[in-house]
Amino acid sequence: MEPIITRFPPSPSGYLHIGGARTALFNWLYAKKTKGKFILRIEDTDAARSTTESVQAILDSLEWLGIDWDEGPYFQSQRAPIHAEYIEKLVACGAAYYCSCTPDEVDAMREAAKACGKKPMYNGKCRDRHLEKGPDTVVRLRTPDTGVTVVEDIVKGNVAFQNAEMDDFILQRSDGSAMYNLAVVVDDLTMGINTIIRGDDHLINTPKQMLIYQALNAAVPVFGHVPMVLGSDKSRLSKRHGAMSVGEYQKMGFLPDAVINYLVRLGWSHGDQEFFTRQDLIEKFDLEHLGRSASMFDMDKLMALNARHIQSKSPEDLAAFLLPHLQDLQLTAEDNVFTHGVIQTLAPRSKTLVEMAQAARFYYQDTIEFDEKAAAKFLTPDTMGILQHSAKGIRALDTYTEASLEDIFKKIMDDSKLGFGKIAQPIRVAITGTTVSPGIFEMLLVLGKEKTVCRIDAAVKWIQEQA
Ligand code: GLU
């Protein structure tokens with residue numbers, strides 16, 4: 001069997017939005033799964049809307065998602081000579097022809113068709129006039145007048161389009177530039193693309209593209225048109241539903257693995273499995289289980305998946321993704337061992353990397369600022385003795401381990417007849433400034449003996465200053 005070749009052809013008129021990322025993913029996964037090829041093509045022929053910033057933003061987001069390409073990026077705008085060559089071929093074999101009708105004439109034809117209750121369209125006037133190329137001529141495809149063009153869609157099943165409702169559409173403008181459908185077909189054809197998964201907003205173009213393939217005597221690729229992603233109110237997902245760009249999800253502290261896991265599930269299923277690693281997806285992805293009905297984007301589900309992906313990764317793997325978020329908070333995490341320890345204590349309790357970075361703040365600070373309420377309750381003359389005792393005990397430790405810390409706590413509990421919480425909370429506030437943190441022992445171990453003692457001493461001093 002010939003290798004599967006898929007593609008992602010974004011138009012660079014903005015960031016990579018999550019619907020586009022999902023399309024890229026389906027094509028990438030299918031190529032990976034079948035050991036085929038995934039090609040990236042930038043469809044930048046609309047010069048007014050395409051920007052280099054947006055090309056870069058799309059490349060950056062794909063890279064962040066871990067969607068790599070085997071070929072490209074190709075730029076459609078640089079392929080005009082190839083488009084022109086194919087248009088000439090179509091004219092030469094009689095499948096296309098030059099048309100000199102003016103826009104006004106075409107408008108009149110459309111009005112006339114409408115008046116007879118037909119679809120407004122070009123009436124084929126120049127079809128058999130055998131015109132030569134002129135300054136104002138366009139090239140039109142000679143489309144069949146009868147019959148149907150059937151898109152054998154792997155997602156939607158067979159979708160039939162009446163040929164009588166398709167006019168001889170334009171392939172090339174009078175300035176020599178190719179129209180969209182021609183450029184897409186020629187690019188897909190010359191790049192060997194044989195499988196096209198894309199949003200169903202493109203289904204309307206597919207019969208036209210099929211007619212171009214047929215006119216070129218070329219095999220039509222396999223098409224799968226996936227339903228659009230919807231917002232919570234079931235309308236097409238848009239800005240008013242929240243963040244749209246992949247970059248925003250990156251900034252919000254999502255892991256790429258969680259984003260791809262979530263996006264794939266918005267249109268594909270494997271039984272009732274929800275959690276997938278990247279490798280899992282590559283192994284299990286198939287075209288048979290692409291969904292026919294549109295799914296709604298659900299931020300809570302994405303968040304829950306993100307938490308699971310955070311928990312499933314090693315501190316070493318998470319560190320690379322967490323570092324930019326720590327940097328955003330001006331926290332410098334140069335000591336890898338320390339940072340891995342920090343991550344280990346926070347991963348089980350963080351839904352996002354932003355949350356994790358914020359919760360990590362106390363680890364990296366030289367001086368701890370106490371939350372007013374926490375300090376009023378737990379840093380008082382009454383708790384000062386506990387803090388002093390624990391600092392003394394910890395300072396005297398030769399081996400600083402969970403077991404030795406536990407012994408110190410036990411001793412203070414025995415001496416003071418207080419419960420664990422009454423001992424742990426003042427220490428927690430001294431160490432973190434707040435009453436919420438990872439488990440006390442794991443946290444003290446990560447922080448190390450010196451910093452722990454230093455912070456407890458600082459809290460004692462603070463209490464004394466308040467008196
Ligand atoms: N450039 C088109 C878009 O960004 C994609 C065209 C296609 O998939 O055929 O929507």
# chains A, B, ... in the order shown; residues from 1 in each chain; ligands from 1
$ residues_around --residues "region 69-73 of chain A" --least-positions-apart "3" --cutoff "6 Å" --atoms "only C-alpha atoms" --output "PyMOL selection string"
chain A and resi 37-41
$ residues_around --residues "region 64-67 of chain A" --least-positions-apart "4" --cutoff "8 Å" --atoms "only C-alpha atoms" --output "list in words"
Ala24, Leu25, Trp28, Asp60, Pro256, Asp257, Val259 and Ile260 of chain A
$ residues_around --residues "region 265-270 of chain A" --least-positions-apart "3" --cutoff "8 Å" --atoms "only C-alpha atoms" --output "list in words"
Val226, Pro227, Val229, Asn261, Tyr262, Gln273, Glu274, Lys284, Phe285, His289, Leu290, Gly291, Arg292, Ser293, Ala294, Ser295, Met296 and Phe297 of chain A
$ closest_residue --among "A:Arg79, A:Arg455, A:His241, A:Lys449" --to "Asp398 (chain A)" --atoms "only C-alpha atoms"
A:Lys449
$ residues_near_ligand --ligand "ligand 1" --cutoff "7 Å" --atoms "only C-alpha atoms and all ligand atoms" --output "PyMOL selection string"
chain A and resi 8-11+43+184+198+202
$ residues_around --residues "Thr6 (chain A)" --least-positions-apart "2" --cutoff "7 Å" --atoms "only C-alpha atoms" --output "PDB file with all heavy atoms, in the first residue's frame"
ATOM      1  N   ILE A   4       0.644   6.758   3.600  1.00  0.00           N
ATOM      2  CA  ILE A   4      -0.326   7.827   3.836  1.00  0.00           C
ATOM      3  C   ILE A   4       0.421   9.167   3.876  1.00  0.00           C
ATOM      4  O   ILE A   4       1.431   9.296   4.573  1.00  0.00           O
ATOM      5  CB  ILE A   4      -1.040   7.603   5.191  1.00  0.00           C
ATOM      6  CG1 ILE A   4      -1.843   6.296   5.185  1.00  0.00           C
ATOM      7  CG2 ILE A   4      -1.895   8.796   5.580  1.00  0.00           C
ATOM      8  CD1 ILE A   4      -3.017   6.269   4.247  1.00  0.00           C
ATOM      9  N   ASN A  27      -4.498  14.907  11.406  1.00  0.00           N
ATOM     10  CA  ASN A  27      -3.661  14.566  10.249  1.00  0.00           C
ATOM     11  C   ASN A  27      -2.289  14.069  10.690  1.00  0.00           C
ATOM     12  O   ASN A  27      -1.746  13.128  10.120  1.00  0.00           O
ATOM     13  CB  ASN A  27      -3.515  15.788   9.325  1.00  0.00           C
ATOM     14  CG  ASN A  27      -4.792  16.064   8.555  1.00  0.00           C
ATOM     15  OD1 ASN A  27      -5.112  15.354   7.599  1.00  0.00           O
ATOM     16  ND2 ASN A  27      -5.555  17.064   8.969  1.00  0.00           N
ATOM     17  N   ALA A  31      -0.778  10.247  10.172  1.00  0.00           N
ATOM     18  CA  ALA A  31       0.507  10.021   9.494  1.00  0.00           C
ATOM     19  C   ALA A  31       1.468   9.260  10.408  1.00  0.00           C
ATOM     20  O   ALA A  31       2.141   8.320   9.983  1.00  0.00           O
ATOM     21  CB  ALA A  31       1.120  11.365   9.077  1.00  0.00           C
ATOM     22  N   LYS A  37       3.529  10.371   6.121  1.00  0.00           N
ATOM     23  CA  LYS A  37       4.191  11.668   6.117  1.00  0.00           C
ATOM     24  C   LYS A  37       3.153  12.754   6.413  1.00  0.00           C
ATOM     25  O   LYS A  37       2.009  12.661   5.986  1.00  0.00           O
ATOM     26  CB  LYS A  37       4.774  11.906   4.717  1.00  0.00           C
ATOM     27  CG  LYS A  37       6.234  12.250   4.776  1.00  0.00           C
ATOM     28  CD  LYS A  37       6.791  12.832   3.522  1.00  0.00           C
ATOM     29  CE  LYS A  37       6.909  11.985   2.298  1.00  0.00           C
ATOM     30  NZ  LYS A  37       7.509  12.611   1.154  1.00  0.00           N
ATOM     31  N   PHE A  38       3.582  13.782   7.130  1.00  0.00           N
ATOM     32  CA  PHE A  38       2.708  14.909   7.446  1.00  0.00           C
ATOM     33  C   PHE A  38       3.391  16.173   6.911  1.00  0.00           C
ATOM     34  O   PHE A  38       4.544  16.454   7.253  1.00  0.00           O
ATOM     35  CB  PHE A  38       2.512  14.978   8.968  1.00  0.00           C
ATOM     36  CG  PHE A  38       1.783  16.197   9.457  1.00  0.00           C
ATOM     37  CD1 PHE A  38       0.424  16.357   9.210  1.00  0.00           C
ATOM     38  CD2 PHE A  38       2.451  17.183  10.182  1.00  0.00           C
ATOM     39  CE1 PHE A  38      -0.259  17.482   9.686  1.00  0.00           C
ATOM     40  CE2 PHE A  38       1.776  18.302  10.659  1.00  0.00           C
ATOM     41  CZ  PHE A  38       0.420  18.444  10.406  1.00  0.00           C
ATOM     42  N   ILE A  39       2.678  16.881   6.068  1.00  0.00           N
ATOM     43  CA  ILE A  39       3.291  18.032   5.387  1.00  0.00           C
ATOM     44  C   ILE A  39       2.636  19.332   5.858  1.00  0.00           C
ATOM     45  O   ILE A  39       1.411  19.410   6.003  1.00  0.00           O
ATOM     46  CB  ILE A  39       3.127  17.882   3.855  1.00  0.00           C
ATOM     47  CG1 ILE A  39       3.895  16.635   3.392  1.00  0.00           C
ATOM     48  CG2 ILE A  39       3.615  19.131   3.126  1.00  0.00           C
ATOM     49  CD1 ILE A  39       3.809  16.356   1.906  1.00  0.00           C
ATOM     50  N   ILE A 193      -0.391  14.301  -1.543  1.00  0.00           N
ATOM     51  CA  ILE A 193      -1.343  14.132  -0.426  1.00  0.00           C
ATOM     52  C   ILE A 193      -2.448  13.151  -0.847  1.00  0.00           C
ATOM     53  O   ILE A 193      -3.081  13.342  -1.880  1.00  0.00           O
ATOM     54  CB  ILE A 193      -2.020  15.486  -0.087  1.00  0.00           C
ATOM     55  CG1 ILE A 193      -1.007  16.612   0.088  1.00  0.00           C
ATOM     56  CG2 ILE A 193      -2.978  15.343   1.099  1.00  0.00           C
ATOM     57  CD1 ILE A 193      -0.151  16.559   1.279  1.00  0.00           C
ATOM     58  N   ASN A 194      -2.645  12.136  -0.026  1.00  0.00           N
ATOM     59  CA  ASN A 194      -3.720  11.188  -0.374  1.00  0.00           C
ATOM     60  C   ASN A 194      -4.812  11.088   0.694  1.00  0.00           C
ATOM     61  O   ASN A 194      -5.793  10.379   0.523  1.00  0.00           O
ATOM     62  CB  ASN A 194      -3.138   9.796  -0.672  1.00  0.00           C
ATOM     63  CG  ASN A 194      -2.200   9.329   0.420  1.00  0.00           C
ATOM     64  OD1 ASN A 194      -2.317   9.760   1.565  1.00  0.00           O
ATOM     65  ND2 ASN A 194      -1.265   8.460   0.080  1.00  0.00           N
ATOM     66  N   THR A 195      -4.632  11.794   1.794  1.00  0.00           N
ATOM     67  CA  THR A 195      -5.648  11.767   2.847  1.00  0.00           C
ATOM     68  C   THR A 195      -5.811  13.175   3.402  1.00  0.00           C
ATOM     69  O   THR A 195      -4.836  13.788   3.840  1.00  0.00           O
ATOM     70  CB  THR A 195      -5.224  10.813   3.985  1.00  0.00           C
ATOM     71  OG1 THR A 195      -4.833   9.567   3.407  1.00  0.00           O
ATOM     72  CG2 THR A 195      -6.355  10.591   4.972  1.00  0.00           C
ATOM     73  N   ILE A 196      -7.051  13.671   3.368  1.00  0.00           N
ATOM     74  CA  ILE A 196      -7.304  15.046   3.797  1.00  0.00           C
ATOM     75  C   ILE A 196      -8.377  15.039   4.881  1.00  0.00           C
ATOM     76  O   ILE A 196      -9.530  14.695   4.621  1.00  0.00           O
ATOM     77  CB  ILE A 196      -7.758  15.916   2.598  1.00  0.00           C
ATOM     78  CG1 ILE A 196      -6.603  16.034   1.586  1.00  0.00           C
ATOM     79  CG2 ILE A 196      -8.229  17.286   3.069  1.00  0.00           C
ATOM     80  CD1 ILE A 196      -6.941  16.832   0.340  1.00  0.00           C
TER      81      ILE A 196
END
$ closest_residue --among "A:Lys125, A:Lys156, A:Arg308, A:Lys392" --to "Leu405 (chain A)" --atoms "only C-alpha atoms"
A:Lys392
$ select_by_dssp --residues "region 22-255 of chain A" --states "strand (DSSP E or B)" --output "ChimeraX atom specification"
/A:37-42,71-75,96-99,138-141,148-153,157-162,170-172,178,195-199,222-226,230,236,245
$ write_last_selection --atoms "N, CA and C atoms" --output "short mmCIF file (atom, residue, chain, number, x, y, z; two decimals), in the first residue's frame"
data_model
loop_
_atom_site.label_atom_id
_atom_site.label_comp_id
_atom_site.auth_asym_id
_atom_site.auth_seq_id
_atom_site.Cartn_x
_atom_site.Cartn_y
_atom_site.Cartn_z
N LYS A 37 3.53 10.37 6.12
CA LYS A 37 4.19 11.67 6.12
C LYS A 37 3.15 12.75 6.41
N PHE A 38 3.58 13.78 7.13
CA PHE A 38 2.71 14.91 7.45
C PHE A 38 3.39 16.17 6.91
N ILE A 39 2.68 16.88 6.07
CA ILE A 39 3.29 18.03 5.39
C ILE A 39 2.64 19.33 5.86
N LEU A 40 3.46 20.33 6.09
CA LEU A 40 2.94 21.64 6.51
C LEU A 40 3.04 22.61 5.33
N ARG A 41 1.89 23.21 5.05
CA ARG A 41 1.86 24.16 3.92
C ARG A 41 1.15 25.43 4.39
N ILE A 42 1.80 26.54 4.20
CA ILE A 42 1.20 27.81 4.62
C ILE A 42 0.44 28.39 3.42
N GLU A 71 7.71 17.47 6.07
CA GLU A 71 8.10 18.32 4.93
C GLU A 71 7.49 19.68 5.12
N GLY A 72 8.18 20.70 4.58
CA GLY A 72 7.65 22.05 4.65
C GLY A 72 8.35 22.82 5.76
N PRO A 73 7.87 23.99 6.15
CA PRO A 73 6.66 24.55 5.58
C PRO A 73 6.86 25.02 4.13
N TYR A 74 5.91 24.62 3.29
CA TYR A 74 5.85 25.17 1.94
C TYR A 74 4.98 26.41 2.00
N PHE A 75 5.24 27.33 1.10
CA PHE A 75 4.44 28.56 1.05
C PHE A 75 3.69 28.59 -0.27
N ALA A 96 -10.56 23.17 -19.45
CA ALA A 96 -10.79 24.53 -18.98
C ALA A 96 -10.68 25.46 -20.18
N TYR A 97 -11.19 26.67 -20.01
CA TYR A 97 -11.20 27.59 -21.17
C TYR A 97 -11.10 29.04 -20.69
N TYR A 98 -10.66 29.88 -21.65
CA TYR A 98 -10.59 31.32 -21.35
C TYR A 98 -11.96 31.92 -21.49
N CYS A 99 -12.25 32.86 -20.61
CA CYS A 99 -13.55 33.52 -20.64
C CYS A 99 -13.31 35.02 -20.57
N VAL A 138 -10.28 35.33 -17.86
CA VAL A 138 -10.07 34.42 -16.72
C VAL A 138 -10.11 33.01 -17.30
N VAL A 139 -9.67 32.03 -16.49
CA VAL A 139 -9.80 30.63 -16.93
C VAL A 139 -10.88 29.97 -16.10
N ARG A 140 -11.80 29.30 -16.80
CA ARG A 140 -12.88 28.59 -16.09
C ARG A 140 -12.80 27.10 -16.35
N LEU A 141 -13.26 26.33 -15.36
CA LEU A 141 -13.29 24.88 -15.53
C LEU A 141 -14.60 24.50 -16.22
N VAL A 148 -24.13 13.82 -10.70
CA VAL A 148 -23.78 14.26 -9.36
C VAL A 148 -22.30 14.02 -9.09
N THR A 149 -21.74 14.84 -8.23
CA THR A 149 -20.39 14.58 -7.74
C THR A 149 -20.55 14.14 -6.29
N VAL A 150 -20.08 12.93 -6.03
CA VAL A 150 -20.30 12.37 -4.69
C VAL A 150 -19.00 12.39 -3.90
N VAL A 151 -19.03 13.10 -2.79
CA VAL A 151 -17.89 13.07 -1.88
C VAL A 151 -18.07 11.84 -0.99
N GLU A 152 -17.14 10.90 -1.13
CA GLU A 152 -17.24 9.69 -0.28
C GLU A 152 -16.48 9.98 1.00
N ASP A 153 -17.18 10.62 1.88
CA ASP A 153 -16.51 11.16 3.07
C ASP A 153 -16.41 10.10 4.17
N GLY A 157 -20.01 10.01 5.44
CA GLY A 157 -20.64 9.10 4.48
C GLY A 157 -20.69 9.79 3.12
N ASN A 158 -21.51 9.27 2.20
CA ASN A 158 -21.55 9.87 0.87
C ASN A 158 -22.37 11.16 0.88
N VAL A 159 -21.77 12.21 0.33
CA VAL A 159 -22.51 13.47 0.23
C VAL A 159 -22.54 13.84 -1.25
N ALA A 160 -23.78 13.93 -1.80
CA ALA A 160 -23.92 14.16 -3.25
C ALA A 160 -24.18 15.63 -3.55
N PHE A 161 -23.50 16.13 -4.56
CA PHE A 161 -23.70 17.51 -5.03
C PHE A 161 -24.15 17.46 -6.48
N GLN A 162 -25.22 18.17 -6.79
CA GLN A 162 -25.73 18.20 -8.17
C GLN A 162 -24.79 19.02 -9.04
N ILE A 170 -14.20 29.80 -11.72
CA ILE A 170 -12.93 30.37 -12.17
C ILE A 170 -11.75 29.64 -11.52
N LEU A 171 -10.75 29.32 -12.34
CA LEU A 171 -9.52 28.71 -11.82
C LEU A 171 -8.40 29.74 -11.72
N GLN A 172 -8.44 30.70 -12.66
CA GLN A 172 -7.37 31.70 -12.70
C GLN A 172 -7.96 33.07 -12.98
N ALA A 178 -3.87 32.17 -9.31
CA ALA A 178 -4.77 31.03 -9.22
C ALA A 178 -5.84 31.28 -8.17
N THR A 195 -4.63 11.79 1.79
CA THR A 195 -5.65 11.77 2.85
C THR A 195 -5.81 13.17 3.40
N ILE A 196 -7.05 13.67 3.37
CA ILE A 196 -7.30 15.05 3.80
C ILE A 196 -8.38 15.04 4.88
N ILE A 197 -7.97 15.39 6.09
CA ILE A 197 -8.96 15.53 7.16
C ILE A 197 -9.03 17.03 7.45
N ARG A 198 -10.22 17.58 7.38
CA ARG A 198 -10.34 19.02 7.62
C ARG A 198 -11.72 19.34 8.16
N GLY A 199 -11.91 20.59 8.54
CA GLY A 199 -13.18 21.03 9.11
C GLY A 199 -14.29 20.94 8.08
N VAL A 222 -8.56 10.67 -0.18
CA VAL A 222 -9.59 10.30 0.80
C VAL A 222 -9.92 11.57 1.58
N PHE A 223 -11.22 11.86 1.70
CA PHE A 223 -11.62 13.06 2.45
C PHE A 223 -12.35 12.69 3.73
N GLY A 224 -12.08 13.43 4.78
CA GLY A 224 -12.85 13.31 6.01
C GLY A 224 -13.11 14.72 6.53
N HIS A 225 -14.38 15.08 6.59
CA HIS A 225 -14.71 16.43 7.07
C HIS A 225 -15.27 16.33 8.48
N VAL A 226 -14.53 16.89 9.41
CA VAL A 226 -14.94 16.75 10.81
C VAL A 226 -15.80 17.94 11.23
N LEU A 230 -17.80 23.27 19.02
CA LEU A 230 -18.81 24.23 19.46
C LEU A 230 -18.48 24.80 20.83
N ARG A 236 -20.92 27.85 17.05
CA ARG A 236 -19.54 27.57 16.67
C ARG A 236 -18.58 28.28 17.63
N SER A 245 -6.78 30.78 21.05
CA SER A 245 -5.50 30.41 20.44
C SER A 245 -4.75 29.40 21.30
#
$ closest_residue --among "A:Leu287, A:Leu323, A:Val220, A:Leu353" --to "His309 (chain A)" --atoms "only C-alpha atoms"
A:Leu353
$ residues_around --residues "region 416-424 of chain A" --least-positions-apart "2" --cutoff "10 Å" --atoms "only C-alpha atoms" --output "ChimeraX atom specification"
/A:378,383,385-387,390,409-414,426-430,435,439-441
$ residues_around --residues "Gly433 (chain A)" --least-positions-apart "2" --cutoff "7 Å" --atoms "only C-alpha atoms" --output "PyMOL selection string"
chain A and resi 368-371+429-431
$ write_last_selection --atoms "all heavy atoms" --output "mmCIF file, in the first residue's frame"
data_model
loop_
_atom_site.group_PDB
_atom_site.id
_atom_site.type_symbol
_atom_site.label_atom_id
_atom_site.label_comp_id
_atom_site.auth_asym_id
_atom_site.auth_seq_id
_atom_site.Cartn_x
_atom_site.Cartn_y
_atom_site.Cartn_z
ATOM 1 N N ILE A 368 9.873 35.628 53.874
ATOM 2 C CA ILE A 368 8.474 35.232 53.726
ATOM 3 C C ILE A 368 7.579 36.345 54.257
ATOM 4 O O ILE A 368 7.796 36.869 55.349
ATOM 5 C CB ILE A 368 8.209 33.927 54.524
ATOM 6 C CG1 ILE A 368 9.066 32.794 53.981
ATOM 7 C CG2 ILE A 368 6.732 33.552 54.526
ATOM 8 C CD1 ILE A 368 8.792 32.417 52.543
ATOM 9 N N GLU A 369 6.600 36.700 53.430
ATOM 10 C CA GLU A 369 5.611 37.670 53.919
ATOM 11 C C GLU A 369 4.432 36.889 54.434
ATOM 12 O O GLU A 369 3.919 36.014 53.736
ATOM 13 C CB GLU A 369 5.184 38.573 52.777
ATOM 14 C CG GLU A 369 6.119 39.723 52.605
ATOM 15 C CD GLU A 369 5.545 40.785 51.697
ATOM 16 O OE1 GLU A 369 4.306 40.935 51.668
ATOM 17 O OE2 GLU A 369 6.352 41.414 51.014
ATOM 18 N N PHE A 370 4.012 37.200 55.635
ATOM 19 C CA PHE A 370 2.937 36.404 56.222
ATOM 20 C C PHE A 370 1.566 36.935 55.830
ATOM 21 O O PHE A 370 1.326 38.144 55.897
ATOM 22 C CB PHE A 370 3.068 36.389 57.755
ATOM 23 C CG PHE A 370 4.413 35.912 58.214
ATOM 24 C CD1 PHE A 370 5.265 36.749 58.931
ATOM 25 C CD2 PHE A 370 4.842 34.622 57.908
ATOM 26 C CE1 PHE A 370 6.513 36.313 59.333
ATOM 27 C CE2 PHE A 370 6.088 34.180 58.308
ATOM 28 C CZ PHE A 370 6.923 35.033 59.026
ATOM 29 N N ASP A 371 0.720 36.036 55.465
ATOM 30 C CA ASP A 371 -0.667 36.396 55.221
ATOM 31 C C ASP A 371 -1.235 36.891 56.559
ATOM 32 O O ASP A 371 -1.026 36.259 57.610
ATOM 33 C CB ASP A 371 -1.407 35.133 54.743
ATOM 34 C CG ASP A 371 -2.901 35.330 54.689
ATOM 35 O OD1 ASP A 371 -3.344 36.065 53.814
ATOM 36 O OD2 ASP A 371 -3.606 34.756 55.554
ATOM 37 N N VAL A 429 2.915 28.207 58.536
ATOM 38 C CA VAL A 429 2.811 29.656 58.279
ATOM 39 C C VAL A 429 4.209 30.286 58.287
ATOM 40 O O VAL A 429 4.528 31.138 57.466
ATOM 41 C CB VAL A 429 1.872 30.341 59.306
ATOM 42 C CG1 VAL A 429 1.827 31.853 59.058
ATOM 43 C CG2 VAL A 429 0.470 29.749 59.227
ATOM 44 N N ALA A 430 5.055 29.838 59.191
ATOM 45 C CA ALA A 430 6.426 30.370 59.247
ATOM 46 C C ALA A 430 7.181 30.083 57.954
ATOM 47 O O ALA A 430 7.914 30.915 57.434
ATOM 48 C CB ALA A 430 7.179 29.743 60.429
ATOM 49 N N ILE A 431 6.935 28.903 57.392
ATOM 50 C CA ILE A 431 7.678 28.479 56.204
ATOM 51 C C ILE A 431 7.110 29.072 54.917
ATOM 52 O O ILE A 431 7.857 29.465 54.016
ATOM 53 C CB ILE A 431 7.639 26.926 56.089
ATOM 54 C CG1 ILE A 431 8.295 26.269 57.304
ATOM 55 C CG2 ILE A 431 8.264 26.431 54.796
ATOM 56 C CD1 ILE A 431 9.769 26.538 57.450
#
$ residues_around --residues "region 314-319 of chain A" --least-positions-apart "4" --cutoff "12 Å" --atoms "only C-alpha atoms" --output "PyMOL selection string"
chain A and resi 253-257+309-310+323-327+333-348+350+352-353+356-357
